[in-house]
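So this block is start-v9.cif, mmCIF, C-alpha atoms:
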```cif
data_model
#
loop_
_atom_site.label_atom_id
_atom_site.label_comp_id
_atom_site.auth_asym_id
_atom_site.auth_seq_id
_atom_site.Cartn_x
_atom_site.Cartn_y
_atom_site.Cartn_z
CA MET F 1 51.71 135.24 167.32
CA LEU F 2 49.02 137.32 169.05
CA ARG F 3 47.57 134.20 170.63
CA LEU F 4 51.01 133.24 172.00
CA SER F 5 51.47 136.72 173.51
CA SER F 6 48.05 136.61 175.06
CA ALA F 7 48.73 133.15 176.49
CA ILE F 8 52.01 134.31 178.04
CA LYS F 9 50.39 137.37 179.60
CA LYS F 10 47.53 135.29 180.91
CA HIS F 11 49.74 132.66 182.51
CA LYS F 12 52.71 134.86 183.24
CA ASP F 13 53.33 133.48 186.75
CA SER F 14 53.19 129.87 185.61
CA PHE F 15 55.56 130.60 182.69
CA TYR F 16 58.16 132.23 184.94
CA LEU F 17 57.96 129.29 187.34
CA LEU F 18 58.63 126.83 184.46
CA ILE F 19 61.73 128.78 183.36
CA VAL F 20 63.14 128.80 186.89
CA MET F 21 62.61 125.02 187.20
CA VAL F 22 64.41 124.33 183.88
CA ILE F 23 67.38 126.50 184.85
CA THR F 24 67.60 124.86 188.26
CA THR F 25 67.54 121.35 186.71
CA ILE F 26 70.33 122.20 184.23
CA SER F 27 72.42 123.67 187.07
CA LEU F 28 72.03 120.48 189.13
CA ILE F 29 73.06 118.30 186.15
CA ILE F 30 76.12 120.43 185.44
CA SER F 31 77.17 120.53 189.10
CA SER F 32 76.98 116.73 189.45
CA ASP F 33 79.82 114.44 188.32
CA SER F 34 77.54 112.32 186.17
CA GLY F 35 76.13 115.41 184.48
CA SER F 36 79.59 116.78 183.78
CA MET F 37 80.61 113.40 182.43
CA ALA F 38 77.55 113.27 180.19
CA LEU F 39 78.20 116.71 178.76
CA ARG F 40 81.88 115.92 178.37
CA ASN F 41 81.05 112.68 176.57
CA LEU F 42 78.61 114.52 174.40
CA GLY F 43 81.28 117.07 173.48
CA GLU F 44 83.87 114.39 172.83
CA ASP F 45 81.45 112.46 170.61
CA PHE F 46 80.70 115.60 168.66
CA THR F 47 84.40 116.47 168.31
CA GLY F 48 85.28 112.90 167.38
CA GLY F 49 82.59 112.90 164.76
CA LEU F 50 84.00 116.07 163.27
CA GLN F 51 87.54 114.63 163.27
CA THR F 52 86.37 111.34 161.69
CA GLY F 53 84.44 113.24 159.04
CA ALA F 54 87.42 115.47 158.33
CA ALA F 55 89.70 112.43 158.05
CA SER F 56 87.25 110.74 155.66
CA VAL F 57 87.04 113.85 153.50
CA GLY F 58 90.85 114.06 153.48
CA ARG F 59 91.19 110.44 152.45
CA PHE F 60 88.60 110.95 149.72
CA PHE F 61 90.44 113.89 148.19
CA LYS F 62 93.80 112.14 148.56
CA ASN F 63 92.48 109.00 146.85
CA THR F 64 90.86 111.12 144.17
CA LEU F 65 94.10 112.98 143.43
CA THR F 66 96.00 109.67 143.38
CA SER F 67 93.47 108.17 140.95
CA VAL F 68 93.69 111.22 138.69
CA SER F 69 97.48 110.98 138.69
CA GLU F 70 97.38 107.26 137.93
CA LEU F 71 94.84 107.86 135.15
CA ALA F 72 97.08 110.50 133.58
CA SER F 73 100.02 108.10 133.79
CA LEU F 74 97.99 105.32 132.17
CA GLN F 75 96.86 107.68 129.41
CA LYS F 76 100.48 108.63 128.73
CA GLU F 77 101.52 104.97 128.61
CA TYR F 78 98.59 104.19 126.29
CA ASP F 79 99.56 107.03 123.93
CA THR F 80 103.15 105.73 123.90
CA VAL F 81 102.00 102.19 123.09
CA VAL F 82 99.71 103.45 120.30
CA GLU F 83 102.54 105.52 118.82
CA ARG F 84 104.92 102.52 118.91
CA LEU F 85 102.25 100.34 117.31
CA GLN F 86 101.78 102.86 114.51
CA ASP F 87 105.54 102.99 113.96
CA LEU F 88 105.62 99.19 113.86
CA GLU F 89 102.77 99.04 111.35
CA GLN F 90 104.51 101.63 109.16
CA SER F 91 107.77 99.68 109.34
CA LEU F 92 105.88 96.51 108.39
CA ASN F 93 104.24 98.28 105.45
CA ASP F 94 107.60 99.65 104.33
CA PHE F 95 109.07 96.16 104.59
CA GLU F 96 106.26 94.71 102.48
CA ASP F 97 106.75 97.46 99.88
CA VAL F 98 110.49 96.78 99.72
CA LYS F 99 109.86 93.04 99.53
CA PHE F 100 107.38 93.50 96.68
CA GLU F 101 109.71 95.84 94.80
CA ASN F 102 112.59 93.38 95.18
CA GLN F 103 110.39 90.60 93.81
CA GLN F 104 109.41 92.77 90.86
CA LEU F 105 113.03 93.68 90.14
CA ARG F 106 114.05 90.01 90.35
CA GLU F 107 111.34 88.99 87.89
CA MET F 108 112.24 91.86 85.59
CA LEU F 109 115.90 90.84 85.61
CA GLU F 110 115.00 87.22 84.82
CA PHE F 111 112.74 88.34 81.98
CA LYS F 112 115.44 90.60 80.58
CA GLU F 113 117.95 87.74 80.60
CA LYS F 114 115.55 85.28 78.89
CA SER F 115 114.07 87.61 76.29
CA SER F 116 115.41 87.56 72.75
CA PHE F 117 114.60 91.26 72.62
CA GLU F 118 116.60 94.13 73.98
CA THR F 119 114.23 95.24 76.74
CA VAL F 120 113.97 98.43 78.74
CA PRO F 121 112.31 97.85 82.12
CA ALA F 122 110.12 100.70 83.29
CA PHE F 123 107.62 101.62 85.99
CA ILE F 124 104.27 103.30 85.49
CA VAL F 125 104.40 106.75 87.08
CA ALA F 126 101.06 108.24 86.03
CA LYS F 127 97.62 107.10 84.93
CA ASN F 128 94.59 109.02 83.78
CA PRO F 129 91.63 106.61 83.74
CA THR F 130 89.16 109.47 83.15
CA SER F 131 90.75 110.43 79.84
CA THR F 132 88.93 109.52 76.64
CA ILE F 133 92.25 108.12 75.37
CA GLU F 134 93.38 105.75 78.09
CA VAL F 135 97.14 106.27 78.15
CA PHE F 136 99.61 105.89 81.01
CA THR F 137 103.09 107.28 81.54
CA ILE F 138 106.28 105.29 82.16
CA ASN F 139 109.58 106.55 83.60
CA LYS F 140 111.72 105.86 80.51
CA GLY F 141 112.05 108.04 77.44
CA ARG F 142 114.24 109.14 74.56
CA ALA F 143 117.32 109.19 76.80
CA ASP F 144 116.81 105.43 77.33
CA GLY F 145 116.43 104.64 73.63
CA ILE F 146 112.62 104.61 73.63
CA ALA F 147 110.88 105.48 70.36
CA GLU F 148 107.29 105.77 69.23
CA GLY F 149 105.63 102.56 68.08
CA LEU F 150 107.68 100.20 70.25
CA PRO F 151 105.65 97.38 71.84
CA VAL F 152 105.22 97.21 75.61
CA VAL F 153 104.78 93.95 77.53
CA ALA F 154 104.50 92.79 81.14
CA LEU F 155 104.85 89.57 83.07
CA ALA F 156 101.76 87.42 83.51
CA GLY F 157 102.94 84.59 85.70
CA ASP F 158 106.11 83.40 84.00
CA GLN F 159 104.97 84.50 80.53
CA GLN F 160 105.12 87.80 78.71
CA ALA F 161 101.79 89.44 77.93
CA LEU F 162 100.96 92.34 75.68
CA VAL F 163 100.31 95.71 77.31
CA GLY F 164 100.29 98.18 74.40
CA ARG F 165 102.63 100.38 72.41
CA VAL F 166 104.48 103.64 72.89
CA VAL F 167 102.62 106.58 71.32
CA ASP F 168 104.50 109.60 72.64
CA VAL F 169 108.10 110.05 73.81
CA ASN F 170 109.77 112.75 75.89
CA THR F 171 113.34 112.91 77.13
CA PHE F 172 112.78 110.96 80.34
CA THR F 173 109.19 109.69 80.08
CA SER F 174 106.91 108.08 77.53
CA ARG F 175 103.19 107.53 77.11
CA VAL F 176 101.77 104.10 76.37
CA LEU F 177 98.45 103.30 74.71
CA PRO F 178 97.09 100.05 76.25
CA ILE F 179 95.55 97.31 74.13
CA THR F 180 92.20 97.91 75.84
CA SER F 181 91.84 101.21 73.97
CA ASN F 182 89.45 101.09 71.03
CA ASN F 183 92.20 102.81 69.02
CA HIS F 184 94.17 99.56 69.04
CA PHE F 185 93.92 96.81 66.40
CA ILE F 186 96.17 93.77 66.82
CA ALA F 187 96.72 90.88 64.42
CA ALA F 188 96.06 87.82 66.57
CA ARG F 189 95.86 84.06 66.49
CA LEU F 190 94.21 81.36 68.59
CA GLN F 191 97.12 79.42 70.04
CA LYS F 192 95.58 75.92 69.78
CA SER F 193 93.45 76.05 66.68
CA ARG F 194 95.68 78.56 64.81
CA TYR F 195 92.68 80.50 63.52
CA GLU F 196 93.39 84.18 63.04
CA GLY F 197 91.46 87.35 63.76
CA LEU F 198 91.73 90.97 64.78
CA VAL F 199 91.78 92.03 68.45
CA SER F 200 90.67 95.51 69.54
CA GLY F 201 89.88 97.28 72.77
CA SER F 202 86.30 97.60 73.87
CA GLY F 203 86.63 101.27 74.72
CA ILE F 204 84.42 100.67 77.76
CA ASP F 205 86.84 99.60 80.46
CA ARG F 206 90.24 97.99 80.91
CA LYS F 207 88.90 94.52 81.57
CA SER F 208 87.75 93.35 78.16
CA LEU F 209 88.84 93.01 74.53
CA ASN F 210 87.12 91.94 71.32
CA MET F 211 88.35 89.50 68.69
CA ASP F 212 86.58 89.67 65.33
CA TYR F 213 86.87 88.18 61.85
CA VAL F 214 87.50 84.64 63.16
CA ASP F 215 86.49 82.09 60.53
CA ARG F 216 83.07 80.55 61.29
CA ASP F 217 84.55 77.05 60.86
CA ALA F 218 86.30 77.54 64.21
CA ARG F 219 83.07 77.71 66.21
CA ASN F 220 82.97 73.97 66.97
CA ILE F 221 86.52 73.73 68.26
CA LEU F 222 86.80 76.89 70.36
CA SER F 223 86.42 76.83 74.14
CA VAL F 224 86.23 79.41 76.89
CA GLY F 225 89.72 79.84 78.32
CA ASP F 226 91.59 79.27 75.03
CA MET F 227 94.68 81.47 74.75
CA ILE F 228 94.99 84.21 72.12
CA ILE F 229 98.44 85.41 71.03
CA THR F 230 99.89 87.93 68.60
CA SER F 231 100.32 86.60 65.05
CA GLY F 232 103.01 89.07 64.04
CA LEU F 233 101.26 89.74 60.73
CA ASP F 234 100.77 93.44 61.40
CA SER F 235 104.55 94.08 61.68
CA ILE F 236 103.83 96.08 64.85
CA PHE F 237 103.93 93.38 67.51
CA PRO F 238 106.19 90.30 67.41
CA ARG F 239 104.36 87.01 67.16
CA GLY F 240 103.71 84.71 70.10
CA ILE F 241 102.98 87.29 72.82
CA GLN F 242 100.00 86.47 75.02
CA ILE F 243 97.01 88.78 74.61
CA GLY F 244 94.29 87.11 76.66
CA THR F 245 91.84 84.23 76.91
CA ILE F 246 88.40 83.64 75.45
CA GLU F 247 85.68 84.74 77.87
CA GLU F 248 82.59 84.42 75.65
CA ILE F 249 81.91 83.01 72.18
CA HIS F 250 79.32 84.68 69.96
CA ALA F 251 78.70 82.48 66.91
CA GLN F 252 75.55 82.91 64.84
CA SER F 253 74.80 80.39 62.08
CA TRP F 254 74.06 83.10 59.50
CA GLU F 255 77.25 85.09 60.14
CA THR F 256 80.44 84.54 58.19
CA SER F 257 82.71 85.12 61.20
CA ILE F 258 82.79 84.64 64.95
CA HIS F 259 82.98 87.36 67.59
CA LEU F 260 84.90 86.59 70.79
CA SER F 261 84.96 88.45 74.11
CA VAL F 262 88.50 88.30 75.49
CA ARG F 263 89.89 88.80 79.00
CA PRO F 264 93.36 90.40 78.87
CA SER F 265 96.23 88.44 80.38
CA VAL F 266 97.41 91.65 82.04
CA SER F 267 95.53 93.11 85.00
CA PHE F 268 95.66 96.80 84.11
CA ALA F 269 94.13 97.82 87.45
CA THR F 270 97.21 96.58 89.34
CA LEU F 271 99.88 96.96 86.65
CA GLU F 272 103.05 98.68 87.89
CA ALA F 273 106.07 97.37 85.95
CA VAL F 274 106.43 96.93 82.17
CA PHE F 275 109.08 96.27 79.50
CA VAL F 276 109.58 98.18 76.29
CA LEU F 277 110.84 95.90 73.48
CA LYS F 278 113.46 97.64 71.35
CA HIS F 279 114.48 94.98 68.86
CA ALA F 280 114.99 91.22 68.69
CA GLU F 281 117.71 88.88 67.63
CA SER F 282 115.20 86.80 65.68
CA ASN F 283 112.25 89.22 65.65
CA GLN F 284 110.05 86.49 67.08
CA PHE F 285 108.90 85.08 70.39
CA ARG F 286 108.55 81.39 70.91
CA GLU F 287 104.92 80.34 70.93
#
```
Can I see the file as structure tokens?
Amino acid sequence: MLRLSSAIKKHKDSFYLLIVMVITTISLIISSDSGSMALRNLGEDFTGGLQTGAASVGRFFKNTLTSVSELASLQKEYDTVVERLQDLEQSLNDFEDVKFENQQLREMLEFKEKSSFETVPAFIVAKNPTSTIEVFTINKGRADGIAEGLPVVALAGDQQALVGRVVDVNTFTSRVLPITSNNHFIAARLQKSRYEGLVSGSGIDRKSLNMDYVDRDARNILSVGDMIITSGLDSIFPRGIQIGTIEEIHAQSWETSIHLSVRPSVSFATLEAVFVLKHAESNQFRE
């Protein structure tokens, strides 16, 4: 800064002369037509640039607001479609439930008409798989003629299969002990070979049963898949009701009887509808 001041003072006359020449040149340009035109064009270009920029900014904000509005509209339409789809799915699920219930009721009616027993159809309304005694509750009780000890069956295909027996009765509900409980012992018979034994629950899960005290002479004629039915010898369950099929055969040469692992005919995991058998015209099922 000091150097610049010193330079100006040193060449003061030359500096003043330069300023005068610049001012004179600008005055000549402004006073001439071409100079005026140049400045005017310069101003117009500058103004036009500002106007173009302003218009571009305006269009940008307008397009942005339009896009935001369209996006909001699309979001609303999407939400409406999703809601309608959910309603449709719920309606479809309800339809499937009604269809399944109608099928169950139809099968129950057919079973009731064919059975020689007076049957009380019922639905399972409560289960407690964590209980040490694996019982479930049905929606029929003393008011429907249910009593303790009555056998309970279900449909397995077009055949009746053993579920368990009633162990506790209230006015409108009853509790059923399934055959898979280790508190159950059922007099049974192999349907083909006619050998007898005793079926009991495994007490482990609801997928397996045991059949013991089968005569060792049966070991050469038994096969996996053979049907086991009630024998009726225990006076608790009528004879001829399906229990399950042989899953494994355990026959040791030194043992006096055969042990069988049995798969129940009833799928207890998906069981919903059952029948309580009150009494029979002949006290027997056909085998």
One-decimal distance in Å that lies between atom CA of Ser267 of chain F and atom CA of Lys192 of chain F:
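Here the two named atoms are 23.0 Å from each other.
Evaluated against the shown file, the PyMOL selection byres ((chain F and resi 256) around 6) gives Arg216, Glu255 and Ser257 of chain F.
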Target residues per the PyMOL selection byres ((chain F and resi 136) around 8), formatted as a PyMOL selection string:
chain F and resi 124-128+134-135+137-138+175-178
Take the residues from that selection and write them out as a CSV table (one decimal), keeping the file's coordinate frame, keeping C-alpha atoms.
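Once everything was written out, this is result_1.csv:
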```
chain,number,residue,atom,x,y,z
F,124,ILE,CA,104.3,103.3,85.5
F,125,VAL,CA,104.4,106.8,87.1
F,126,ALA,CA,101.1,108.2,86.0
F,127,LYS,CA,97.6,107.1,84.9
F,128,ASN,CA,94.6,109.0,83.8
F,134,GLU,CA,93.4,105.8,78.1
F,135,VAL,CA,97.1,106.3,78.2
F,137,THR,CA,103.1,107.3,81.5
F,138,ILE,CA,106.3,105.3,82.2
F,175,ARG,CA,103.2,107.5,77.1
F,176,VAL,CA,101.8,104.1,76.4
F,177,LEU,CA,98.4,103.3,74.7
F,178,PRO,CA,97.1,100.0,76.2
```
Length of the atom CA of Ala269 of chain F to atom CA of Ala122 of chain F vector [Å]:
16.8 Å
On this file, the PyMOL selection byres ((chain F and resi 242) around 8) gives some set of residues; write that set as a ChimeraX atom specification.
/F:159-162,227-230,240-241,243-244,265
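Atom CA of Ser231 of chain F sits 13.1 Å away from atom CA of Val214 of chain F.
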Which residues, written as an MDAnalysis selection string, have at least one atom at most 8 Å from Arg142 of chain F, with only C-alpha atoms counted and residues fewer than 6 positions away on the same chain left out?
chainID F and resid 169:174
Selected residues written out, C-alpha atoms, as a PDB file, in the frame of the given file:
```pdb
ATOM      1  CA  VAL F 169     108.100 110.050  73.810  1.00  0.00           C
ATOM      2  CA  ASN F 170     109.770 112.750  75.890  1.00  0.00           C
ATOM      3  CA  THR F 171     113.340 112.910  77.130  1.00  0.00           C
ATOM      4  CA  PHE F 172     112.780 110.960  80.340  1.00  0.00           C
ATOM      5  CA  THR F 173     109.190 109.690  80.080  1.00  0.00           C
ATOM      6  CA  SER F 174     106.910 108.080  77.530  1.00  0.00           C
TER       7      SER F 174
END
```
Residue with smallest distance to Ile146 of chain F - pool F:Gly225, F:Val163, F:His184, F:Asp168, counting all atoms listed in the file
F:Asp168
If we count all atoms listed in the file and set the cut-off at 8 Å, which residues sit around His250 of chain F, ignoring sequence neighbours fewer than 4 positions away in its own chain? Please answer as an MDAnalysis selection string.
chainID F and resid 258:261
Any chance you could turn segment 250-273 of chain F into a file with N, CA and C atoms, as a JSON list (two decimals), in the first residue's frame?
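Heads up, here's the output in decode_26.json:
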```json
[["chain", "number", "residue", "atom", "x", "y", "z"],
["F", 250, "HIS", "N", -41.20, -103.98, 16.68],
["F", 250, "HIS", "CA", -40.07, -104.33, 17.53],
["F", 250, "HIS", "C", -40.29, -105.76, 18.03],
["F", 251, "ALA", "N", -39.65, -106.72, 17.39],
["F", 251, "ALA", "CA", -39.84, -108.13, 17.73],
["F", 251, "ALA", "C", -38.50, -108.78, 18.01],
["F", 252, "GLN", "N", -38.24, -109.09, 19.26],
["F", 252, "GLN", "CA", -37.01, -109.78, 19.64],
["F", 252, "GLN", "C", -37.31, -111.26, 19.85],
["F", 253, "SER", "N", -36.38, -112.11, 19.41],
["F", 253, "SER", "CA", -36.61, -113.56, 19.44],
["F", 253, "SER", "C", -36.80, -114.10, 20.86],
["F", 254, "TRP", "N", -36.20, -113.44, 21.84],
["F", 254, "TRP", "CA", -36.28, -113.96, 23.21],
["F", 254, "TRP", "C", -37.48, -113.41, 23.99],
["F", 255, "GLU", "N", -38.21, -112.49, 23.39],
["F", 255, "GLU", "CA", -39.37, -111.91, 24.08],
["F", 255, "GLU", "C", -40.64, -112.70, 23.76],
["F", 256, "THR", "N", -41.55, -112.69, 24.70],
["F", 256, "THR", "CA", -42.79, -113.45, 24.53],
["F", 256, "THR", "C", -43.87, -112.66, 23.81],
["F", 257, "SER", "N", -43.65, -111.35, 23.62],
["F", 257, "SER", "CA", -44.64, -110.52, 22.92],
["F", 257, "SER", "C", -43.93, -109.51, 22.05],
["F", 258, "ILE", "N", -44.71, -108.88, 21.19],
["F", 258, "ILE", "CA", -44.19, -107.90, 20.24],
["F", 258, "ILE", "C", -44.62, -106.51, 20.66],
["F", 259, "HIS", "N", -43.72, -105.56, 20.47],
["F", 259, "HIS", "CA", -44.05, -104.14, 20.73],
["F", 259, "HIS", "C", -44.18, -103.42, 19.39],
["F", 260, "LEU", "N", -45.26, -102.67, 19.21],
["F", 260, "LEU", "CA", -45.50, -101.94, 17.97],
["F", 260, "LEU", "C", -45.57, -100.44, 18.25],
["F", 261, "SER", "N", -44.94, -99.65, 17.38],
["F", 261, "SER", "CA", -45.13, -98.19, 17.38],
["F", 261, "SER", "C", -46.25, -97.88, 16.41],
["F", 262, "VAL", "N", -47.22, -97.08, 16.84],
["F", 262, "VAL", "CA", -48.44, -96.87, 16.07],
["F", 262, "VAL", "C", -48.64, -95.38, 15.80],
["F", 263, "ARG", "N", -48.98, -95.07, 14.55],
["F", 263, "ARG", "CA", -49.34, -93.70, 14.18],
["F", 263, "ARG", "C", -50.86, -93.55, 14.26],
["F", 264, "PRO", "N", -51.36, -92.61, 15.05],
["F", 264, "PRO", "CA", -52.82, -92.45, 15.18],
["F", 264, "PRO", "C", -53.47, -92.10, 13.84],
["F", 265, "SER", "N", -54.68, -92.56, 13.65],
["F", 265, "SER", "CA", -55.43, -92.21, 12.44],
["F", 265, "SER", "C", -55.85, -90.75, 12.47],
["F", 266, "VAL", "N", -55.99, -90.20, 13.66],
["F", 266, "VAL", "CA", -56.41, -88.80, 13.82],
["F", 266, "VAL", "C", -55.18, -87.91, 13.92],
["F", 267, "SER", "N", -55.21, -86.79, 13.19],
["F", 267, "SER", "CA", -54.16, -85.79, 13.33],
["F", 267, "SER", "C", -54.58, -84.81, 14.42],
["F", 268, "PHE", "N", -54.05, -84.99, 15.62],
["F", 268, "PHE", "CA", -54.47, -84.17, 16.75],
["F", 268, "PHE", "C", -54.02, -82.72, 16.61],
["F", 269, "ALA", "N", -53.00, -82.48, 15.82],
["F", 269, "ALA", "CA", -52.51, -81.10, 15.64],
["F", 269, "ALA", "C", -53.52, -80.24, 14.89],
["F", 270, "THR", "N", -54.32, -80.86, 14.03],
["F", 270, "THR", "CA", -55.28, -80.09, 13.22],
["F", 270, "THR", "C", -56.73, -80.44, 13.54],
["F", 271, "LEU", "N", -56.95, -81.23, 14.58],
["F", 271, "LEU", "CA", -58.30, -81.68, 14.91],
["F", 271, "LEU", "C", -59.16, -80.52, 15.39],
["F", 272, "GLU", "N", -60.36, -80.40, 14.82],
["F", 272, "GLU", "CA", -61.29, -79.33, 15.20],
["F", 272, "GLU", "C", -62.67, -79.85, 15.59],
["F", 273, "ALA", "N", -63.17, -80.85, 14.85],
["F", 273, "ALA", "CA", -64.53, -81.35, 15.07],
["F", 273, "ALA", "C", -64.49, -82.80, 15.52]]
```
